[in-house]
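Chemist: Encoded as structure tokens, here's the structure I'll be asking about.
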Amino acid sequence: MEKVLSAKNLSKTYQMGEVTVKALNDVTFDIYEGEFIVVLGPSGSGKSTMLNMIGGMDKASSGEIYYRKEPLHNATDKRLTWYRRNAIGFVFQFYNLIPNLNTLENVQLSTELSETPLDAKKVLEEVDLADRADHFPSQLSGGQQQRVAIARAIAKNPDILLCDEPTGALDFTTGLQVLKLLKKFNKTYQKTVIIITHNAGIGKIGDRVLYIKDGAIERIEINEKPLDPEEVGW
Amino acid sequence: MILFKKMIRDMLGNKLAYIACIIVMSMGLMTYAAMSIVMVNLVNAKDDFYDTYHMADAFAQVQSIPLSRIDDIEGIEGVTSARGILKEDVRVDLEDKDNVYLRLNTFDTDDQARINDVYLSEGYALDDTQLLIWIGDKFFDANQLQINDTIDLVVNGKITTFTIAGRVISPEYVYVTKNAYDFMPSPETFDIAYVSRPVLEKLVGRSDANYVNILLADDVVYDDVKEKLRSKLKAFGLISLVDREHQSSNAFLVEELKGLEGMSTSLPFVFLGISTFILYIMLKRLTETQRGQIGILKAMGYNYYEVLLHYLGYAVTVGILGGIVGGILGTQLSVFYTETYKAFFSFPDIENAFTYKYTFYGLLISVGFSVFAGYQGTKKILKLTPSMAMSPIAPKVASRSVFEKIKWFWTSLTMQGKMAVRNLSRSKGRSVFTVLGLVFAFSIMVVSWSYESLIDTMIYDQFDKVQLYDMKVTFKGLIRSDEAKRLLYNIDGVNYAETVVEIPVQLKKGTSEKNTIIMGFGSDVELYRVLDKNEERVDLSENGLYLSENLAVQMKVVRGDILRVESPFVDEYITMEVIGIIPQYIGSNGYANLAYLSEKTGYDNIATTAYLNIDATKADAIRHTLEDAENIGVIELEAQTLKKYRDMLDSYGYMSYIMALISIVVGFAIVYNSSVISLSERQRELASLRVLGMSVDEVLQIISFEQWFLGGISVIIAIPVAKLMMAGMSSAYQTDIYAMPSTIGDFAFILSALGTALFIWLSQLNVRKKIKHLDIVEVLKERE
């Protein structure tokens with residue numbers, strides 16, 4: 001399998017007044033095509049910073065990070081935009097849908113960007129929301145909104161699906177549905193899925209789990225037999 | 001495309017705020033388009049008319065010049081041609097109207113190269129033998145005359161009946177006023193008329209000319225020939241010599257064009273400035289509240305320019321709509337404006353240059369302003385990286401406001417009041433914006449509510465406090481003062497008569513010169529009071545010249561300056577020292593005591609004018625007696641003149657209502673936007689208060705307290721600003737003919753404060769609706 005992401009000695013520091021905060025400290029990892037990765041860590045462990053680095057939303061203070069062979073650590077804003085546009089699909093904890101666009105339009109917002117988009121309506125069918133295509137976010141439940149967010153991310157046909165606490169705002173049953181969808185995307189399209197979460201239960205469904213603590217990777221665990229989402233509980 | 005939908009929905013979600021902004025912007029462009037088109041119309045009409053009908057380059061008034069001596073003028077190098085004209089103001093004997101005059105001009109029927117030629121808009125040619133007359137177009141309409149109607153003119157007490165052969169206009173009389181004191185045309189009672197030269201000569205019993213129209217060669221300017229003309233005309237009793245620029249009708253027209261130009265370049269930008277400001281604040285607020293969405297868009301892969309373009313779209317939409325609406329309305333309004341101008345200015349045909357060119361220009365301007373506002377309002381947030389944009393914004397620093405130091409004030413506030421005051425000091429930019437907007441709206445209102453007082457001061461004070469006579473009689477030429485008095489006292493009903501001298505002069509100081517009159521008052525003059533700024537009577541006994549303020553300002557003359565004074569009353573020139581400046585809103589002239597004037601000119605015991613106090617019931621009889629007398633020129637009844645002014649100025653009254661309306665729209669737009677922004681910024685906070693159990697009105701109190709508080713501060717600031725604005729307008733409108741007082745109406749401040757309260761209240765009705773519909777659960781569920 002080819003590496004889609006590779007990080008070497010990645011660090012990120014923030015200046016908070018007179019205090020320097022090391023949010024990410026010398027992190028090294030590789031992520032491969034088609035993998036289902038779970039980044040697990042408690043609050044304040046550096047998960048979000050890592051997401052920002054992987055997602056091309058922020059630049060590292062030091063170290064290197066590559067998307068396939070392309071360096072992201074010194075990429076121009078233009079190149080990072082290209083990367084986010086074509087390589088990454090984001091799913092956020094709070095869905096972050098555009099409130100005054102309906103379901104279909106939220107998905108189309110992303111297909112308009114991609115060079116190789118999927119059919120927005122078909123993607124909505126896949127997430128079982130075809131009948132809610134003209135509903136606005138305020139007319140959808142949390143689970144439905146997250147499914148729209150997933151559809152929006154998938155519809156771009158990205159290489160990597162990057163999910164930030166995708167079940168964080170959902171109840172167990174709805175969260176399960178979301179995880180199943182992510183797994184389905186991973187299997188059907190053979191795309192890399194990275195879930196960033198504090199929920200240890202979710203770790204069991206990943207091919208590999210990156211445990212992160214105090215801004216560093218504590219350990220990497222390989223699940224020889226990743227569980228199906230339905231088999232896990234939290 | 002999807003982002004376009006988002007934009008449309010966002011705008012519709014806050015439509016009232018955008019509409020208010022579009023209205024303000026369109027007002028700016030409406031005035032721009034309308035005034036620009038009208039200006040083009042007037043300039044084109046003027047240029048065409050002057051050119052085709054050979055408007056003179058110089059105009060001289062003399063006592064008398066034989067026609068045979070006109071060649072002398074033509075002989076001056078630089079003069080292409082000159083024509084002698086005989087003019088005489090004659091009374092028209094109309095059945096139902098008194099005090100109606102026509103200024104008769106001779107018309108040389110066989111002259112092929114007339115200067116100030118006449119445009120015959122209807123009718124047929126004049127005849128050297130028949131009593132035919134061409135009447136000024138406006139008089140013709142105002143008195144509902146028809147071609148071939150007859151009209152009776154009273155000359156030297158004798159009635160002569162003329163047949164109306166045509167209706168005419170001339171480039172010399174595009175704007176017709178009787179004299180320097182009249183600054184509005186009065187087509188019902190005064191206009192021009194033309195009769196053939198032999199007819200007029202016979203009628204008035206003279207065959208000379210008292211006016212000379214002069215055309216100069218293309219490469220010659222008036223200043224080059226002025227002195228030669230003056231010295232040549234001196235021998236004929238030169239009364240005044242002016243170039244085209246200073247010729248009365250042209251000066252009015254040019255003054256109006258200047259005013260239009262000034263208005264078309266300044267007023268629209270005031271509105272555009274306000275709307276740009278509103279738009280800036282709105283987009284700043286929009287991007288701040290959509291900070292998370294901006295982060296998402298960027299995270300999804302939208303680049304900086306795509307997101308920028310999206311938000312500029314809001315501004316451009318406002319600009320385009322404002323531009324189109326304003327441009328179209330302005331173009332339509334120009335038709336109305338042009339028609340209004342036709343009532344004052346006479347041109348053969350004012351073509352309304354019905355063009356959407358200015359709509360297009362206006363569109364470019366409005367889009368330019370909007371893009372500027374949009375870019376300024378959004379650039380800061382759009383520069384954030386996606387991760388920063390998506391992370392929650394740090395709460396604003398809450399600190400004690402300066403108002404908290406005022407203990408009694410602070411302790412008297414309710415909790416809502418305290419929250420409001422703290423919020424105001426936390427959002428300084430928006431508070432300043434609101435105050436500026438309210439100050440502007442308030443000041444415009446003060447100006448509009450002051451209109452009546454301004455007119456009162458300008459016109460009625462002149463009649464109530466200065467001109468105390470009932471009737472003014474102007475003699476033909478000079479008359480002995482005692483003889484004049486004897487004549488007047490012999491008329492039954494004349495209670496009191498006094499005579500004064502009005503001397504036509506040209507005042508000079510350095511390069512500045514003005515044609516005006518000096519009024520010479522004896523110590524016994526009671527019916528005309530020269531007042532100082534405290535409305536105290538000025539003692540004219542000191543020897544020297546008093547100048548009306550507008551004249552002094554225009555000539556840049558101050559007390560102590562020595563002026564060179566030329567007049568047909570003196571051989572060469574005399575000098576006079578300026579010893580006082582008289583505040584005066586109507587007319588511009590000089591004053592001096594009669595003894596001093598006699599000493600300077602050598603003329604003694606003479607009169608040109610008389611002021612009468614009469615028995616009102618015998619006014620008609622007195623006028624008829626005077627009209628039949630030989631030496632009487634013009635008779636003016638004070639009450640009639642006052643009525644004329646009142647009628648004319650009342651017709652302008654609608655302007656003040658338009659201004660008041662504009663100020664309310666501007667004020668509403670600003671207050672409404674400001675409160676909506678405040679509301680949306682603090683939705684969460686206010687929703688929390690609702691959850692705590694506060695009613696809609698209790699929550700509204702916070703927002704409304706802010707607005708009332710800012711309203712109060714604005715009114716305090718706006719009072720001196722309004723005074724400054726009035727003073728500024730007053731100094732900007734100083735012309736030869738009138739000066740605008742800076743009087744503020746008695747109730748202007750109170751009415752303006754009420755107006756301010758009105759739009760604060762109106763905007764709060766809408767804010768209340770928004771608070772009522774605040775979805776508490778949803779708002780609180782939203783992540784900060």
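The chains in the structure tokens are called A, B, ... from first to last as shown; in each chain the residues are counted from 1, and the ligands are counted from 1 in the order shown.
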If we count only C-alpha atoms and set the cut-off at 6 Å, which residues sit around segment 382-393 of chain B, ignoring sequence neighbours fewer than 5 positions away in its own chain? Please answer as a VMD selection string.

Modeler: (chain A and resid 57) or (chain B and resid 291 to 292 295 298 to 299 784)

Chemist: Using only C-alpha atoms, find the residues of chain A whose closest atom to chain B is at most 8 Å away, then write them as an NGL selection string.

Modeler: :A and (52 or 55 or 57-58 or 78 or 81-86 or 88-90 or 94 or 96-98 or 100-101 or 105 or 108-110 or 113)

Chemist: Which of segment 509-660 of chain B end up as alpha helix (DSSP H) when DSSP is run on this backbone - answer as a VMD selection string?

Modeler: chain B and resid 549 to 555 594 to 601 619 to 628 638 to 650 653 to 660

Chemist: Only C-alpha atoms, please: the residues just picked out, written as a compact mmCIF listing (two decimals), in the first residue's frame.

Modeler:
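Full text of part_20.txt as output:
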```txt
# COMPACT_ATOMS: atom_id res chain seq x y z
CA GLU B 549 -22.55 91.99 4.20
CA ASN B 550 -22.82 89.80 1.10
CA LEU B 551 -21.34 92.56 -1.03
CA ALA B 552 -18.50 93.07 1.43
CA VAL B 553 -17.83 89.33 1.55
CA GLN B 554 -17.82 89.01 -2.22
CA MET B 555 -15.55 92.01 -2.69
CA LEU B 594 -27.49 112.06 2.07
CA ALA B 595 -25.32 115.00 3.07
CA TYR B 596 -22.15 112.96 2.56
CA LEU B 597 -23.42 111.68 -0.76
CA SER B 598 -24.32 115.21 -1.89
CA GLU B 599 -20.90 116.41 -0.93
CA LYS B 600 -19.26 113.59 -2.89
CA THR B 601 -21.41 113.85 -6.02
CA ALA B 619 -54.15 102.42 -2.10
CA ASP B 620 -55.76 101.84 -5.49
CA ALA B 621 -56.65 105.47 -5.96
CA ILE B 622 -53.15 106.59 -5.00
CA ARG B 623 -51.64 104.13 -7.45
CA HIS B 624 -53.90 105.26 -10.26
CA THR B 625 -53.02 108.89 -9.59
CA LEU B 626 -49.33 108.08 -9.60
CA GLU B 627 -49.62 106.01 -12.75
CA ASP B 628 -51.04 109.00 -14.52
CA GLU B 638 -45.31 96.43 -0.10
CA ALA B 639 -48.14 94.03 0.69
CA GLN B 640 -48.20 92.82 -2.89
CA THR B 641 -44.46 92.27 -3.00
CA LEU B 642 -44.58 90.39 0.26
CA LYS B 643 -47.38 88.18 -1.01
CA LYS B 644 -45.41 87.45 -4.14
CA TYR B 645 -42.43 86.31 -2.10
CA ARG B 646 -44.59 84.26 0.20
CA ASP B 647 -46.30 82.47 -2.69
CA MET B 648 -43.04 81.72 -4.40
CA LEU B 649 -41.19 80.53 -1.35
CA ASP B 650 -44.11 78.47 -0.13
CA GLY B 653 -41.70 74.23 1.04
CA TYR B 654 -41.97 70.67 -0.27
CA MET B 655 -38.17 70.53 -0.34
CA SER B 656 -38.10 70.68 3.42
CA TYR B 657 -40.44 67.70 3.64
CA ILE B 658 -38.25 65.75 1.22
CA MET B 659 -35.21 66.54 3.36
CA ALA B 660 -37.05 65.47 6.50
```

Chemist: Show me, as a PyMOL selection string, the residues that have an atom within 12 Å of Glu536 of chain B when counting only C-alpha atoms, minus same-chain residues fewer than 3 positions from it.

Modeler: chain B and resi 465-466+529-533+539+582-583

Chemist: Just how far from atom CA of Lys87 of chain B is atom CA of Pro504 of chain B, in Å to one decimal?

Modeler: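 Those two atoms sit 16.9 Å apart.
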
Chemist: Could you list, as an NGL selection string, every residue within 10 Å of Asp72 of chain B, counting only C-alpha atoms and ignoring same-chain residues fewer than 5 positions away?

Modeler: :B and (67 or 82 or 229 or 232-233)

Chemist: Mind writing the picked residues with C-alpha atoms as a PDB file, in the first residue's frame?

Modeler:
```pdb
ATOM      1  CA  LEU B  67     -28.016 105.620 -32.427  1.00  0.00           C
ATOM      2  CA  ALA B  82     -22.777  96.850 -31.077  1.00  0.00           C
ATOM      3  CA  LEU B 229     -15.666 100.759 -23.636  1.00  0.00           C
ATOM      4  CA  LYS B 232     -16.208 105.758 -24.692  1.00  0.00           C
ATOM      5  CA  LEU B 233     -19.551 105.246 -22.964  1.00  0.00           C
TER       6      LEU B 233
END
```

Chemist: Closest to Glu227 of chain B among B:Ala315, B:Ile76, B:Leu724, B:Ile702, using only C-alpha atoms?

Modeler: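 Looking only at the distances to Glu227 of chain B, the closest residue turns out to be B:Ile76.
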
Chemist: Excluding Gly667 of chain B and its own-chain neighbours fewer than 2 positions away, which residues fall within 7 Å of it when counting only C-alpha atoms? Please give them as a ChimeraX atom specification.

Modeler: /B:437-438,441,663-665,669-671,759

Chemist: Sort by chain and increasing residue number a table of all residues of segment 68-159 of chain A within 12 Å of segment 193-209 of chain A, each with its closest pair of atoms and their distance in Å to one decimal, counting only C-alpha atoms, and write it as CSV.

Modeler:
```
residue,atom,partner,partner_atom,distance
A:Ala87,CA,A:Val193,CA,11.7
A:Ile88,CA,A:Val193,CA,9.8
A:Gly89,CA,A:Val193,CA,9.3
A:Phe90,CA,A:Ile194,CA,9.8
A:Val91,CA,A:Ile195,CA,9.0
A:Phe92,CA,A:Ile196,CA,9.8
A:Gln93,CA,A:Thr197,CA,9.5
A:Ile150,CA,A:Val193,CA,11.4
A:Ala153,CA,A:Val193,CA,11.1
A:Ile154,CA,A:Val193,CA,10.5
A:Pro158,CA,A:Val193,CA,10.0
A:Asp159,CA,A:Val193,CA,8.7
```

Chemist: Output N, CA and C atoms for every residue in the selection just made, as a PDB file, in the first residue's frame.

Modeler:
```pdb
ATOM      1  N   ALA A  87      -7.970  16.603  -1.953  1.00  0.00           N
ATOM      2  CA  ALA A  87      -7.492  15.405  -1.277  1.00  0.00           C
ATOM      3  C   ALA A  87      -8.238  15.104   0.022  1.00  0.00           C
ATOM      4  N   ILE A  88      -8.791  16.112   0.633  1.00  0.00           N
ATOM      5  CA  ILE A  88      -9.354  15.935   1.980  1.00  0.00           C
ATOM      6  C   ILE A  88     -10.864  16.163   2.002  1.00  0.00           C
ATOM      7  N   GLY A  89     -11.522  15.299   2.746  1.00  0.00           N
ATOM      8  CA  GLY A  89     -12.936  15.546   3.038  1.00  0.00           C
ATOM      9  C   GLY A  89     -13.083  15.645   4.553  1.00  0.00           C
ATOM     10  N   PHE A  90     -13.654  16.780   5.008  1.00  0.00           N
ATOM     11  CA  PHE A  90     -13.747  16.986   6.462  1.00  0.00           C
ATOM     12  C   PHE A  90     -15.118  16.606   7.004  1.00  0.00           C
ATOM     13  N   VAL A  91     -15.106  15.997   8.187  1.00  0.00           N
ATOM     14  CA  VAL A  91     -16.358  15.802   8.936  1.00  0.00           C
ATOM     15  C   VAL A  91     -16.086  16.340  10.342  1.00  0.00           C
ATOM     16  N   PHE A  92     -16.948  17.259  10.769  1.00  0.00           N
ATOM     17  CA  PHE A  92     -16.700  17.900  12.065  1.00  0.00           C
ATOM     18  C   PHE A  92     -17.687  17.423  13.134  1.00  0.00           C
ATOM     19  N   GLN A  93     -17.269  17.634  14.365  1.00  0.00           N
ATOM     20  CA  GLN A  93     -18.126  17.220  15.479  1.00  0.00           C
ATOM     21  C   GLN A  93     -19.489  17.903  15.431  1.00  0.00           C
ATOM     22  N   ILE A 150     -21.164  14.108   6.300  1.00  0.00           N
ATOM     23  CA  ILE A 150     -20.369  13.014   5.726  1.00  0.00           C
ATOM     24  C   ILE A 150     -20.566  12.978   4.206  1.00  0.00           C
ATOM     25  N   ALA A 153     -18.577  15.548   2.632  1.00  0.00           N
ATOM     26  CA  ALA A 153     -17.158  15.224   2.580  1.00  0.00           C
ATOM     27  C   ALA A 153     -16.870  14.155   1.524  1.00  0.00           C
ATOM     28  N   ILE A 154     -17.758  13.150   1.467  1.00  0.00           N
ATOM     29  CA  ILE A 154     -17.548  12.039   0.522  1.00  0.00           C
ATOM     30  C   ILE A 154     -17.711  12.504  -0.921  1.00  0.00           C
ATOM     31  N   PRO A 158     -12.718  12.519  -2.052  1.00  0.00           N
ATOM     32  CA  PRO A 158     -11.356  12.835  -1.614  1.00  0.00           C
ATOM     33  C   PRO A 158     -10.540  11.569  -1.360  1.00  0.00           C
ATOM     34  N   ASP A 159      -9.252  11.736  -1.263  1.00  0.00           N
ATOM     35  CA  ASP A 159      -8.365  10.620  -0.946  1.00  0.00           C
ATOM     36  C   ASP A 159      -8.515  10.237   0.521  1.00  0.00           C
TER      37      ASP A 159
END
```

Chemist: Among segment 27-97 of chain A, which residues carry a DSSP assignment of strand (DSSP E), reported as a list in words?

Modeler: Val27, Thr28, Phe29, Asp30, Ile31, Tyr32, Phe36, Ile37, Val38, Val39, Leu40, Ser62, Gly63, Glu64, Ile65, Tyr66, Tyr67, Glu70, Pro71, Ile88, Gly89, Phe90 and Val91 of chain A

Chemist: Just to confirm, what's the straight-line distance from atom CA of Met30 of chain B to atom CA of Leu661 of chain B in Å (one decimal)?

Modeler: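 It comes out at 14.7 Å.
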
Chemist: Which residues are near segment 206-216 of chain B? Cut-off 6 Å, only C-alpha atoms, ignore same chain within fewer than 4 positions. Put them as a list in words.

Modeler: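 Non-adjacent residues within range: Ala56, Asp57, Ala58, Phe59, Ala60, Gln61, Val62, Gln63, Ser64, Ile65, Pro66, Leu67, Gly78, Val79, Thr80, Ser81, Ala82, Arg83, Gly84, Ile85, Leu86 and Glu201 of chain B.
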
Chemist: Write out as a ChimeraX atom specification the residues lying within 10 Å of Leu765 of chain B, counting only C-alpha atoms and excluding same-chain residues fewer than 5 positions away.

Modeler: /B:672,700,704,759-760,770

Chemist: Provide the atom CA of Pro198 of chain B to atom CA of Trp134 of chain B distance in Å, to one decimal place.

Modeler: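 Atom CA of Pro198 of chain B sits 14.6 Å away from atom CA of Trp134 of chain B.
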
Chemist: A:Glu64, A:Asp119, A:Glu125, A:Asp164: which is nearest Leu40 of chain A, counting only C-alpha atoms?

Modeler: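 Closest residue, counting only C-alpha atoms: A:Asp164.
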